[in-house]
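Engineer: See start-v5.tsv below, with TSV, C-alpha atoms.
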chain	number	residue	atom	x	y	z
A	25	MET	CA	0.00	0.00	0.00
A	26	ILE	CA	2.75	2.49	0.95
A	27	LYS	CA	4.70	1.40	-2.13
A	28	LYS	CA	1.75	2.25	-4.35
A	29	ILE	CA	1.26	5.58	-2.56
A	30	LEU	CA	4.92	6.39	-3.30
A	31	ASP	CA	4.94	5.04	-6.87
A	32	LYS	CA	1.84	7.01	-7.80
A	33	GLY	CA	2.83	10.15	-5.89
A	34	ARG	CA	-0.34	9.98	-3.80
A	35	TYR	CA	0.99	11.89	-0.79
A	36	CYS	CA	1.39	15.37	0.61
A	37	PHE	CA	3.09	16.84	3.68
A	38	HIS	CA	1.89	19.97	5.48
A	39	GLU	CA	2.94	21.92	8.54
A	40	SER	CA	-0.53	22.67	9.93
A	41	PHE	CA	-4.05	23.78	9.11
A	42	ASP	CA	-6.29	26.41	10.68
A	43	SER	CA	-9.31	24.14	10.44
A	44	TRP	CA	-10.12	20.48	9.91
A	45	GLU	CA	-12.09	21.44	6.80
A	46	GLU	CA	-8.94	22.89	5.21
A	47	ALA	CA	-7.05	19.73	6.16
A	48	ILE	CA	-9.66	17.51	4.47
A	49	ARG	CA	-9.58	19.63	1.30
A	50	ALA	CA	-5.76	19.37	1.21
A	51	SER	CA	-5.80	15.63	1.91
A	52	VAL	CA	-7.81	14.86	-1.24
A	53	VAL	CA	-5.60	17.00	-3.53
A	54	PRO	CA	-3.29	14.14	-4.66
A	55	LEU	CA	-6.35	12.13	-5.82
A	56	VAL	CA	-7.90	15.22	-7.44
A	57	VAL	CA	-4.68	15.97	-9.34
A	58	GLU	CA	-4.66	12.42	-10.65
A	59	GLY	CA	-8.29	12.68	-11.72
A	60	ILE	CA	-9.39	9.91	-9.34
A	61	ALA	CA	-11.47	12.20	-7.13
A	62	ASP	CA	-13.51	15.27	-7.96
A	63	VAL	CA	-12.93	18.35	-5.76
A	64	ASN	CA	-16.47	17.76	-4.52
A	65	TYR	CA	-15.27	14.55	-2.87
A	66	GLY	CA	-13.61	16.71	-0.20
A	67	GLU	CA	-16.89	18.55	0.34
A	68	ASP	CA	-18.77	15.23	0.60
A	69	ILE	CA	-16.40	14.18	3.37
A	70	ILE	CA	-16.72	17.54	5.17
A	71	ASN	CA	-20.51	17.38	4.99
A	72	ALA	CA	-20.56	13.84	6.39
A	73	VAL	CA	-18.38	14.91	9.34
A	74	LYS	CA	-20.60	17.95	9.94
A	75	GLU	CA	-23.65	15.71	9.93
A	76	TYR	CA	-22.35	12.84	12.07
A	77	GLY	CA	-19.28	14.08	13.93
A	78	PRO	CA	-15.62	13.19	13.41
A	79	TYR	CA	-16.13	9.45	12.99
A	80	ILE	CA	-13.37	9.42	10.37
A	81	VAL	CA	-10.82	9.81	13.19
A	82	ILE	CA	-10.66	6.09	13.84
A	83	ALA	CA	-7.87	6.03	16.40
A	84	PRO	CA	-5.61	8.57	18.13
A	85	ASP	CA	-3.64	10.45	15.43
A	86	VAL	CA	-5.33	8.60	12.56
A	87	CYS	CA	-7.98	9.96	10.20
A	88	ILE	CA	-9.45	8.16	7.18
A	89	PRO	CA	-11.27	10.81	5.12
A	90	HIS	CA	-13.84	9.09	2.91
A	91	ALA	CA	-17.40	9.47	1.70
A	92	LYS	CA	-19.81	7.28	-0.20
A	93	GLU	CA	-18.56	4.64	-2.60
A	94	GLY	CA	-18.62	5.60	-6.28
A	95	LYS	CA	-19.73	9.21	-5.78
A	96	ASN	CA	-17.25	11.84	-7.02
A	97	VAL	CA	-14.56	9.15	-7.34
A	98	SER	CA	-13.61	7.13	-10.42
A	99	GLU	CA	-11.15	4.59	-9.01
A	100	THR	CA	-10.31	2.66	-5.84
A	101	ALA	CA	-7.28	4.24	-4.21
A	102	ILE	CA	-5.63	5.47	-1.01
A	103	SER	CA	-3.66	8.69	-0.64
A	104	PHE	CA	-1.65	9.83	2.36
A	105	MET	CA	-1.23	13.19	4.07
A	106	LYS	CA	0.93	13.96	7.09
A	107	THR	CA	0.69	17.16	9.12
A	108	GLU	CA	3.41	18.22	11.54
A	109	LYS	CA	0.92	19.76	13.96
A	110	PRO	CA	-2.17	17.75	14.85
A	111	VAL	CA	-5.43	18.77	13.17
A	112	GLN	CA	-8.19	19.33	15.70
A	113	PHE	CA	-11.64	17.95	14.91
A	114	SER	CA	-13.18	18.84	18.26
A	115	ASP	CA	-12.25	19.94	21.78
A	116	ASN	CA	-11.43	16.32	22.54
A	117	PRO	CA	-7.67	15.76	22.00
A	118	GLU	CA	-8.43	12.07	21.33
A	119	GLU	CA	-9.96	13.30	18.07
A	120	ASN	CA	-6.78	15.03	16.84
A	121	ALA	CA	-5.04	13.59	13.79
A	122	ASN	CA	-1.67	13.89	12.02
A	123	LEU	CA	-2.00	10.89	9.70
A	124	PHE	CA	-4.60	11.09	6.94
A	125	PHE	CA	-5.38	8.16	4.68
A	126	VAL	CA	-7.95	9.27	2.11
A	127	LEU	CA	-10.05	6.36	0.86
A	128	ALA	CA	-11.70	6.34	-2.53
A	129	SER	CA	-13.68	3.31	-3.63
A	130	THR	CA	-15.49	2.09	-6.71
A	131	ASP	CA	-14.61	-1.58	-6.31
A	132	ASN	CA	-15.43	-3.08	-2.95
A	133	GLU	CA	-13.05	-6.02	-3.22
A	134	GLN	CA	-10.03	-3.86	-3.98
A	135	HIS	CA	-11.18	-1.39	-1.32
A	136	LEU	CA	-11.32	-4.17	1.30
A	137	GLU	CA	-7.79	-5.21	0.41
A	138	ASN	CA	-6.69	-1.59	0.84
A	139	LEU	CA	-8.42	-1.41	4.22
A	140	MET	CA	-6.80	-4.62	5.42
A	141	ALA	CA	-3.37	-3.38	4.36
A	142	LEU	CA	-4.05	-0.10	6.16
A	143	VAL	CA	-5.12	-1.84	9.37
A	144	ASP	CA	-2.02	-4.07	9.27
A	145	LEU	CA	0.17	-1.00	8.85
A	146	LEU	CA	-1.44	0.93	11.71
A	147	ASP	CA	-1.43	-2.12	14.00
A	148	ASP	CA	2.36	-2.14	13.89
A	149	PRO	CA	3.56	0.41	16.49
A	150	ALA	CA	7.02	0.71	14.89
A	151	LYS	CA	5.47	1.53	11.53
A	152	LYS	CA	3.05	3.99	13.06
A	153	ASP	CA	6.02	5.73	14.74
A	154	LEU	CA	7.75	5.97	11.36
A	155	LEU	CA	4.62	7.52	9.84
A	156	MET	CA	4.34	10.01	12.71
A	157	ALA	CA	8.00	11.00	12.22
A	158	ALA	CA	7.82	11.19	8.40
A	159	LYS	CA	8.51	14.61	6.90
A	160	CYS	CA	9.04	13.70	3.23
A	161	PRO	CA	8.45	10.84	0.77
A	162	GLU	CA	11.94	9.41	1.46
A	163	ASP	CA	10.86	8.86	5.06
A	164	LEU	CA	7.91	6.79	3.81
A	165	ARG	CA	10.35	4.61	1.90
A	166	LYS	CA	11.67	3.32	5.25
A	167	LEU	CA	8.34	1.57	5.67
A	168	ILE	CA	8.84	-0.63	2.62
A	169	ASP	CA	12.57	-1.31	2.86
B	13	MET	CA	-26.36	-16.32	16.74
B	14	LEU	CA	-25.71	-12.73	17.75
B	15	LYS	CA	-26.67	-10.25	15.03
B	16	VAL	CA	-24.37	-7.27	14.90
B	17	ILE	CA	-24.27	-4.03	12.90
B	18	ALA	CA	-21.03	-2.06	12.40
B	19	ALA	CA	-21.99	1.49	11.46
B	20	CYS	CA	-20.18	4.58	10.22
B	21	GLY	CA	-21.16	7.75	8.38
B	22	SER	CA	-20.82	6.35	4.87
B	23	GLY	CA	-20.82	2.61	5.50
B	24	MET	CA	-17.61	2.08	3.60
B	25	GLY	CA	-14.56	2.98	5.68
B	26	SER	CA	-14.67	2.88	9.45
B	27	SER	CA	-17.59	0.43	9.51
B	28	GLN	CA	-15.64	-2.08	7.41
B	29	ILE	CA	-12.62	-1.72	9.66
B	30	ILE	CA	-14.86	-2.19	12.72
B	31	LYS	CA	-16.31	-5.31	11.10
B	32	MET	CA	-12.83	-6.79	10.51
B	33	LYS	CA	-11.73	-6.00	14.04
B	34	ILE	CA	-14.81	-7.19	15.92
B	35	ASP	CA	-15.07	-10.35	13.82
B	36	LYS	CA	-11.63	-11.32	15.10
B	37	ALA	CA	-12.50	-10.41	18.68
B	38	PHE	CA	-15.79	-12.36	18.72
B	39	LYS	CA	-13.96	-15.40	17.29
B	40	SER	CA	-11.42	-15.21	20.10
B	41	PHE	CA	-14.31	-15.38	22.60
B	42	GLY	CA	-15.90	-18.26	20.66
B	43	ILE	CA	-19.07	-16.22	20.11
B	44	ASP	CA	-21.04	-16.97	16.96
B	45	VAL	CA	-21.95	-13.72	15.17
B	46	SER	CA	-23.12	-12.37	11.85
B	47	ILE	CA	-21.88	-8.84	11.18
B	48	HIS	CA	-23.34	-6.39	8.71
B	49	HIS	CA	-21.56	-3.11	8.00
B	50	CYS	CA	-23.49	-0.08	6.77
B	51	SER	CA	-24.10	3.65	7.14
B	52	VAL	CA	-25.68	5.20	10.22
B	53	GLY	CA	-28.83	5.93	8.21
B	54	GLU	CA	-29.24	2.31	7.16
B	55	ALA	CA	-28.33	1.07	10.63
B	56	LYS	CA	-31.13	3.14	12.15
B	57	THR	CA	-33.77	1.71	9.82
B	58	GLN	CA	-32.49	-1.88	10.19
B	59	ILE	CA	-31.95	-1.79	13.94
B	60	ASN	CA	-34.96	-3.99	14.80
B	61	ASN	CA	-33.31	-6.91	12.99
B	62	TYR	CA	-30.12	-6.71	15.06
B	63	ASP	CA	-29.01	-7.15	18.67
B	64	VAL	CA	-25.86	-5.04	18.87
B	65	VAL	CA	-24.50	-1.89	17.19
B	66	PHE	CA	-20.80	-1.04	17.09
B	67	CYS	CA	-19.86	2.47	15.95
B	68	SER	CA	-17.22	5.17	16.39
B	69	ALA	CA	-17.69	7.06	19.65
B	70	ALA	CA	-18.48	10.16	17.58
B	71	LEU	CA	-21.61	8.46	16.24
B	72	GLU	CA	-23.03	7.15	19.51
B	73	SER	CA	-25.68	9.88	19.84
B	74	ASN	CA	-27.33	8.62	16.63
B	75	PHE	CA	-28.38	5.47	18.45
B	76	LYS	CA	-30.23	6.90	21.46
B	77	SER	CA	-33.55	5.45	20.38
B	78	ALA	CA	-31.92	2.09	19.67
B	79	LYS	CA	-30.70	2.05	23.28
B	80	GLU	CA	-34.20	2.90	24.49
B	81	LYS	CA	-35.48	-0.12	22.56
B	82	GLY	CA	-33.05	-2.27	24.55
B	83	LYS	CA	-30.43	-2.69	21.85
B	84	THR	CA	-26.80	-2.87	22.95
B	85	VAL	CA	-24.85	0.09	21.55
B	86	ILE	CA	-21.07	-0.13	21.82
B	87	PRO	CA	-19.13	3.04	20.97
B	88	LEU	CA	-15.43	2.64	20.16
B	89	ARG	CA	-12.90	5.37	20.93
B	90	ASN	CA	-10.15	3.58	19.05
B	91	VAL	CA	-11.48	1.40	16.28
B	92	LEU	CA	-8.06	-0.22	15.84
B	93	SER	CA	-7.63	-1.26	19.48
B	94	GLU	CA	-8.21	-4.96	20.01
B	95	ALA	CA	-7.90	-4.39	23.74
B	96	GLU	CA	-10.74	-1.88	23.79
B	97	ILE	CA	-12.96	-4.05	21.58
B	98	LYS	CA	-12.41	-7.17	23.71
B	99	GLU	CA	-12.94	-5.27	26.94
B	100	LYS	CA	-16.24	-3.85	25.62
B	101	ILE	CA	-17.48	-7.20	24.32
B	102	GLN	CA	-16.76	-8.56	27.79
B	103	SER	CA	-18.51	-5.76	29.69
B	104	HIS	CA	-21.43	-5.03	27.32
B	105	ILE	CA	-22.24	-8.52	26.09
B	106	ILE	CA	-20.65	-11.42	28.00
B	107	ASP	CA	-21.08	-10.02	31.52
B	108	LYS	CA	-24.75	-9.24	30.79
B	109	GLN	CA	-25.73	-12.72	29.67
Spell out the structure here as structure tokens.
Structural biologist:
Amino acid sequence: MIKKILDKGRYCFHESFDSWEEAIRASVVPLVVEGIADVNYGEDIINAVKEYGPYIVIAPDVCIPHAKEGKNVSETAISFMKTEKPVQFSDNPEENANLFFVLASTDNEQHLENLMALVDLLDDPAKKDLLMAAKCPEDLRKLID
Amino acid sequence: MLKVIAACGSGMGSSQIIKMKIDKAFKSFGIDVSIHHCSVGEAKTQINNYDVVFCSAALESNFKSAKEKGKTVIPLRNVLSEAEIKEKIQSHIIDKQ
């Protein structure tokens, strides 16, 4: 999964954001540039969070921006964004995130494989530490070496 | 068999991860379950057909009426934490049987 993110250039690194909405919009940019997601995909995600709360923050530090399958996306893919300063989704620090894995899905089988690879990655504390320390694509390469 | 819903906002990201994680945890307890993952909206309309709802803590307030109907609602702070999931299956399901 990380190899594909690197090979396809589906990543971005940012210092910080003034709002979680700005962070979500930035996180989808690599997929928008590639033509996989429409800019409206970011707005779909923002609207879902406004409606239901920050359920996309699945664990401390980890956010998986995503919206409905097949809407405003044309492929199944994951992109990665890292922020140096945590993005705040609420007053609850447990809902802060530095690691963003944007999920786009049109094919549920491929999407499930992506999710399983993501869970395996995040379940490994050493790998999560590497992600938290990553400042550039070369740092991500350490995860696949 | 225990009938379980894993819910998230869209039904495609967090809810599928919750399904993977709780499936493993229920197996480790030897509890027979069927798990359906879906969006909060679908979960609310389907709730009568299920016994238990798992969701992100952020979504818990959507299931107030489900709780009033006697359904077990289990909010997860950390969807990836096996420890939290096992502890909550123990306290919300096993200890109440």
Engineer: Could you please determine the separation between CA of Ile101 in chain B and CA of Ile86 in chain B in Å, to one decimal place?
Structural biologist: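 Computed distance, CA of Ile101 in chain B to CA of Ile86 in chain B, equals 8.3 Å.
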Engineer: Please determine, counting only C-alpha atoms, which residue among A:Ile48, A:Ile60, A:Ala101, A:Leu164 has the shortest atom-to-atom distance to Lys152 in chain A.
Structural biologist: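 Residue with the minimum atom-to-atom distance to Lys152 in chain A: A:Leu164.
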Engineer: When you look at Leu127 in chain A with a cut-off of 8 Å (counting all atoms listed in the file), what residues show up, excluding the ones that are within fewer than 2 positions of it in the same chain? I need them as a list in words.
Structural biologist: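 The residues that qualify are Ile88, Pro89, His90, Thr100, Ala101, Ile102, Ser103, Phe125 and Ser129 of chain A; Gly25 of chain B.
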Engineer: Restrict the selected residues to C-alpha atoms and save them as a PDB file, in the coordinates of the input.
Structural biologist:
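Once everything was written out, this is selection-v5.pdb:
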ATOM      1  CA  ILE A  88      -9.450   8.160   7.180  1.00  0.00           C
ATOM      2  CA  PRO A  89     -11.270  10.810   5.120  1.00  0.00           C
ATOM      3  CA  HIS A  90     -13.840   9.090   2.910  1.00  0.00           C
ATOM      4  CA  THR A 100     -10.310   2.660  -5.840  1.00  0.00           C
ATOM      5  CA  ALA A 101      -7.280   4.240  -4.210  1.00  0.00           C
ATOM      6  CA  ILE A 102      -5.630   5.470  -1.010  1.00  0.00           C
ATOM      7  CA  SER A 103      -3.660   8.690  -0.640  1.00  0.00           C
ATOM      8  CA  PHE A 125      -5.380   8.160   4.680  1.00  0.00           C
ATOM      9  CA  SER A 129     -13.680   3.310  -3.630  1.00  0.00           C
TER      10      SER A 129
ATOM     11  CA  GLY B  25     -14.560   2.980   5.680  1.00  0.00           C
TER      12      GLY B  25
END
Engineer: What does the distance between CA of Ile97 in chain B and CA of Lys33 in chain B come to in Å, to one decimal place?
Structural biologist: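 Distance between the two atoms: 7.9 Å.
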Engineer: Produce a table with one row for each residue of chain B that has an atom at most 8 Å from any atom of chain A, each row naming the nearest atom pair and its distance in Å at one decimal; use only C-alpha atoms; arrange rows by chain and rising residue number; format as JSON lines.
Structural biologist:
{"residue": "B:Cys20", "atom": "CA", "partner": "A:Tyr79", "partner_atom": "CA", "distance": 6.9}
{"residue": "B:Gly21", "atom": "CA", "partner": "A:Tyr76", "partner_atom": "CA", "distance": 6.4}
{"residue": "B:Ser22", "atom": "CA", "partner": "A:Lys92", "partner_atom": "CA", "distance": 5.3}
{"residue": "B:Gly23", "atom": "CA", "partner": "A:Lys92", "partner_atom": "CA", "distance": 7.4}
{"residue": "B:Met24", "atom": "CA", "partner": "A:Glu93", "partner_atom": "CA", "distance": 6.8}
{"residue": "B:Gly25", "atom": "CA", "partner": "A:His90", "partner_atom": "CA", "distance": 6.7}
{"residue": "B:Ser26", "atom": "CA", "partner": "A:Ile80", "partner_atom": "CA", "distance": 6.7}
{"residue": "B:Gln28", "atom": "CA", "partner": "A:Leu136", "partner_atom": "CA", "distance": 7.8}
{"residue": "B:Ile29", "atom": "CA", "partner": "A:Leu139", "partner_atom": "CA", "distance": 6.9}
{"residue": "B:Ser68", "atom": "CA", "partner": "A:Tyr79", "partner_atom": "CA", "distance": 5.6}
{"residue": "B:Ala69", "atom": "CA", "partner": "A:Tyr79", "partner_atom": "CA", "distance": 7.2}
{"residue": "B:Ala70", "atom": "CA", "partner": "A:Tyr79", "partner_atom": "CA", "distance": 5.2}
{"residue": "B:Leu71", "atom": "CA", "partner": "A:Tyr76", "partner_atom": "CA", "distance": 6.1}
{"residue": "B:Asn74", "atom": "CA", "partner": "A:Tyr76", "partner_atom": "CA", "distance": 8.0}
{"residue": "B:Arg89", "atom": "CA", "partner": "A:Ala83", "partner_atom": "CA", "distance": 6.8}
{"residue": "B:Asn90", "atom": "CA", "partner": "A:Ala83", "partner_atom": "CA", "distance": 4.3}
{"residue": "B:Val91", "atom": "CA", "partner": "A:Ile82", "partner_atom": "CA", "distance": 5.3}
{"residue": "B:Leu92", "atom": "CA", "partner": "A:Ala83", "partner_atom": "CA", "distance": 6.3}
{"residue": "B:Ser93", "atom": "CA", "partner": "A:Ala83", "partner_atom": "CA", "distance": 7.9}
Engineer: Identify which of the residues A:Pro110, A:Tyr35, A:Asn64, A:Asn138 lies closest to Ser51 in chain A, counting all atoms listed in the file when measuring atom-to-atom distances.
Structural biologist: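 Using all atoms listed in the file, Ser51 in chain A sits closest to A:Tyr35.
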Engineer: Neighbouring residues of Phe38 in chain B were defined as those with any atom within 12 Å, considering all atoms listed in the file; residues of the same chain fewer than 6 positions away were excluded. Please report them as a list of chain:residue names.
Structural biologist: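 The contact residues come out as B:Met13, B:Leu14, B:Lys15, B:Val16, B:Ile30, B:Lys31, B:Met32, B:Asp44, B:Val45, B:Ser46, B:Ile47, B:Glu94, B:Ile97, B:Lys98, B:Glu99, B:Lys100, B:Ile101, B:Gln102, B:Ile105, B:Ile106.
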Engineer: Which of these residues is nearest to Trp44 in chain A, using only C-alpha atoms: A:Asp148, A:Asp169, A:Glu133, A:Glu67?
Structural biologist: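 Counting only C-alpha atoms, the residue closest to Trp44 in chain A is A:Glu67.
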Engineer: Report the distance between CA of Lys95 in chain A and CA of Thr130 in chain A in Å, rounded to one decimal place.
Structural biologist: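 Rounded to one decimal, the two atoms are 8.3 Å apart.
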Engineer: Can you pull out the residues contacting Glu45 in chain A? Cut-off 10 Å, using only C-alpha atoms, and skip same-chain residues under 4 positions away; I want them as a PyMOL selection string.
Structural biologist: chain A and resi 41+49-51+66-67+69-71+73-74+111-113
Engineer: Edge lengths and centre in Å to one decimal, as JSON, is what I'm after for the box along x, y and z that holds all listed atoms of range 34-48 of chain B once 3 Å is added on each side.
Structural biologist:
{"center_x": -17.4, "center_y": -12.3, "center_z": 15.7, "size_x": 17.9, "size_y": 17.9, "size_z": 19.9}
Engineer: List the spatial neighbours of Ser77 in chain B as a PyMOL selection string - criterion: any atom at most 12 Å away, all atoms listed in the file, same-chain residues fewer than 4 positions off excluded.
Structural biologist: chain B and resi 55-57+59-60+72-73+81-85
Engineer: Those same residues - C-alpha atoms - I'd like them written as an mmCIF file, in the frame of the given file.
Structural biologist:
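After the write, out.cif holds the following:
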data_model
loop_
_atom_site.group_PDB
_atom_site.id
_atom_site.type_symbol
_atom_site.label_atom_id
_atom_site.label_comp_id
_atom_site.auth_asym_id
_atom_site.auth_seq_id
_atom_site.Cartn_x
_atom_site.Cartn_y
_atom_site.Cartn_z
ATOM 1 C CA ALA B 55 -28.330 1.070 10.630
ATOM 2 C CA LYS B 56 -31.130 3.140 12.150
ATOM 3 C CA THR B 57 -33.770 1.710 9.820
ATOM 4 C CA ILE B 59 -31.950 -1.790 13.940
ATOM 5 C CA ASN B 60 -34.960 -3.990 14.800
ATOM 6 C CA GLU B 72 -23.030 7.150 19.510
ATOM 7 C CA SER B 73 -25.680 9.880 19.840
ATOM 8 C CA LYS B 81 -35.480 -0.120 22.560
ATOM 9 C CA GLY B 82 -33.050 -2.270 24.550
ATOM 10 C CA LYS B 83 -30.430 -2.690 21.850
ATOM 11 C CA THR B 84 -26.800 -2.870 22.950
ATOM 12 C CA VAL B 85 -24.850 0.090 21.550
#
Engineer: Because some atoms of range 144-159 of chain A are absent here, can you restore N, CA, C and O atoms and send them as a PDB file, in the frame of the given file?
Structural biologist:
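File out.pdb, as written:
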ATOM      1  N   ASP A 144      -3.288  -3.384   8.943  1.00  0.00           N
ATOM      2  CA  ASP A 144      -2.020  -4.070   9.270  1.00  0.00           C
ATOM      3  C   ASP A 144      -0.918  -3.063   9.543  1.00  0.00           C
ATOM      4  O   ASP A 144      -0.130  -3.209  10.474  1.00  0.00           O
ATOM      5  N   LEU A 145      -0.866  -2.038   8.702  1.00  0.00           N
ATOM      6  CA  LEU A 145       0.170  -1.000   8.850  1.00  0.00           C
ATOM      7  C   LEU A 145       0.011  -0.282  10.196  1.00  0.00           C
ATOM      8  O   LEU A 145       0.983  -0.117  10.946  1.00  0.00           O
ATOM      9  N   LEU A 146      -1.211   0.124  10.506  1.00  0.00           N
ATOM     10  CA  LEU A 146      -1.440   0.930  11.710  1.00  0.00           C
ATOM     11  C   LEU A 146      -1.359   0.095  12.984  1.00  0.00           C
ATOM     12  O   LEU A 146      -1.159   0.628  14.073  1.00  0.00           O
ATOM     13  N   ASP A 147      -1.536  -1.222  12.852  1.00  0.00           N
ATOM     14  CA  ASP A 147      -1.430  -2.120  14.000  1.00  0.00           C
ATOM     15  C   ASP A 147       0.019  -2.320  14.440  1.00  0.00           C
ATOM     16  O   ASP A 147       0.270  -2.860  15.509  1.00  0.00           O
ATOM     17  N   ASP A 148       0.944  -1.931  13.587  1.00  0.00           N
ATOM     18  CA  ASP A 148       2.360  -2.140  13.890  1.00  0.00           C
ATOM     19  C   ASP A 148       2.919  -0.844  14.506  1.00  0.00           C
ATOM     20  O   ASP A 148       3.103   0.150  13.804  1.00  0.00           O
ATOM     21  N   PRO A 149       3.163  -0.849  15.834  1.00  0.00           N
ATOM     22  CA  PRO A 149       3.560   0.410  16.490  1.00  0.00           C
ATOM     23  C   PRO A 149       4.823   1.019  15.890  1.00  0.00           C
ATOM     24  O   PRO A 149       4.928   2.255  15.788  1.00  0.00           O
ATOM     25  N   ALA A 150       5.773   0.174  15.460  1.00  0.00           N
ATOM     26  CA  ALA A 150       7.020   0.710  14.890  1.00  0.00           C
ATOM     27  C   ALA A 150       6.721   1.448  13.592  1.00  0.00           C
ATOM     28  O   ALA A 150       7.282   2.516  13.313  1.00  0.00           O
ATOM     29  N   LYS A 151       5.822   0.877  12.793  1.00  0.00           N
ATOM     30  CA  LYS A 151       5.470   1.530  11.530  1.00  0.00           C
ATOM     31  C   LYS A 151       4.682   2.807  11.768  1.00  0.00           C
ATOM     32  O   LYS A 151       4.866   3.805  11.075  1.00  0.00           O
ATOM     33  N   LYS A 152       3.809   2.761  12.764  1.00  0.00           N
ATOM     34  CA  LYS A 152       3.050   3.990  13.060  1.00  0.00           C
ATOM     35  C   LYS A 152       4.007   5.103  13.512  1.00  0.00           C
ATOM     36  O   LYS A 152       3.860   6.264  13.123  1.00  0.00           O
ATOM     37  N   ASP A 153       5.019   4.740  14.309  1.00  0.00           N
ATOM     38  CA  ASP A 153       6.020   5.730  14.740  1.00  0.00           C
ATOM     39  C   ASP A 153       6.742   6.324  13.535  1.00  0.00           C
ATOM     40  O   ASP A 153       6.993   7.538  13.489  1.00  0.00           O
ATOM     41  N   LEU A 154       7.082   5.476  12.568  1.00  0.00           N
ATOM     42  CA  LEU A 154       7.750   5.970  11.360  1.00  0.00           C
ATOM     43  C   LEU A 154       6.845   6.950  10.600  1.00  0.00           C
ATOM     44  O   LEU A 154       7.313   7.980  10.100  1.00  0.00           O
ATOM     45  N   LEU A 155       5.571   6.614  10.525  1.00  0.00           N
ATOM     46  CA  LEU A 155       4.620   7.520   9.840  1.00  0.00           C
ATOM     47  C   LEU A 155       4.535   8.855  10.582  1.00  0.00           C
ATOM     48  O   LEU A 155       4.541   9.924   9.972  1.00  0.00           O
ATOM     49  N   MET A 156       4.470   8.781  11.915  1.00  0.00           N
ATOM     50  CA  MET A 156       4.340  10.010  12.710  1.00  0.00           C
ATOM     51  C   MET A 156       5.591  10.887  12.564  1.00  0.00           C
ATOM     52  O   MET A 156       5.520  12.113  12.677  1.00  0.00           O
ATOM     53  N   ALA A 157       6.749  10.246  12.328  1.00  0.00           N
ATOM     54  CA  ALA A 157       8.000  11.000  12.220  1.00  0.00           C
ATOM     55  C   ALA A 157       8.280  11.450  10.776  1.00  0.00           C
ATOM     56  O   ALA A 157       9.176  12.257  10.535  1.00  0.00           O
ATOM     57  N   ALA A 158       7.524  10.927   9.815  1.00  0.00           N
ATOM     58  CA  ALA A 158       7.820  11.190   8.400  1.00  0.00           C
ATOM     59  C   ALA A 158       7.617  12.662   8.049  1.00  0.00           C
ATOM     60  O   ALA A 158       6.626  13.277   8.428  1.00  0.00           O
ATOM     61  N   LYS A 159       8.592  13.213   7.328  1.00  0.00           N
ATOM     62  CA  LYS A 159       8.510  14.610   6.900  1.00  0.00           C
ATOM     63  C   LYS A 159       8.569  14.743   5.378  1.00  0.00           C
ATOM     64  O   LYS A 159       8.388  15.830   4.830  1.00  0.00           O
TER      65      LYS A 159
END
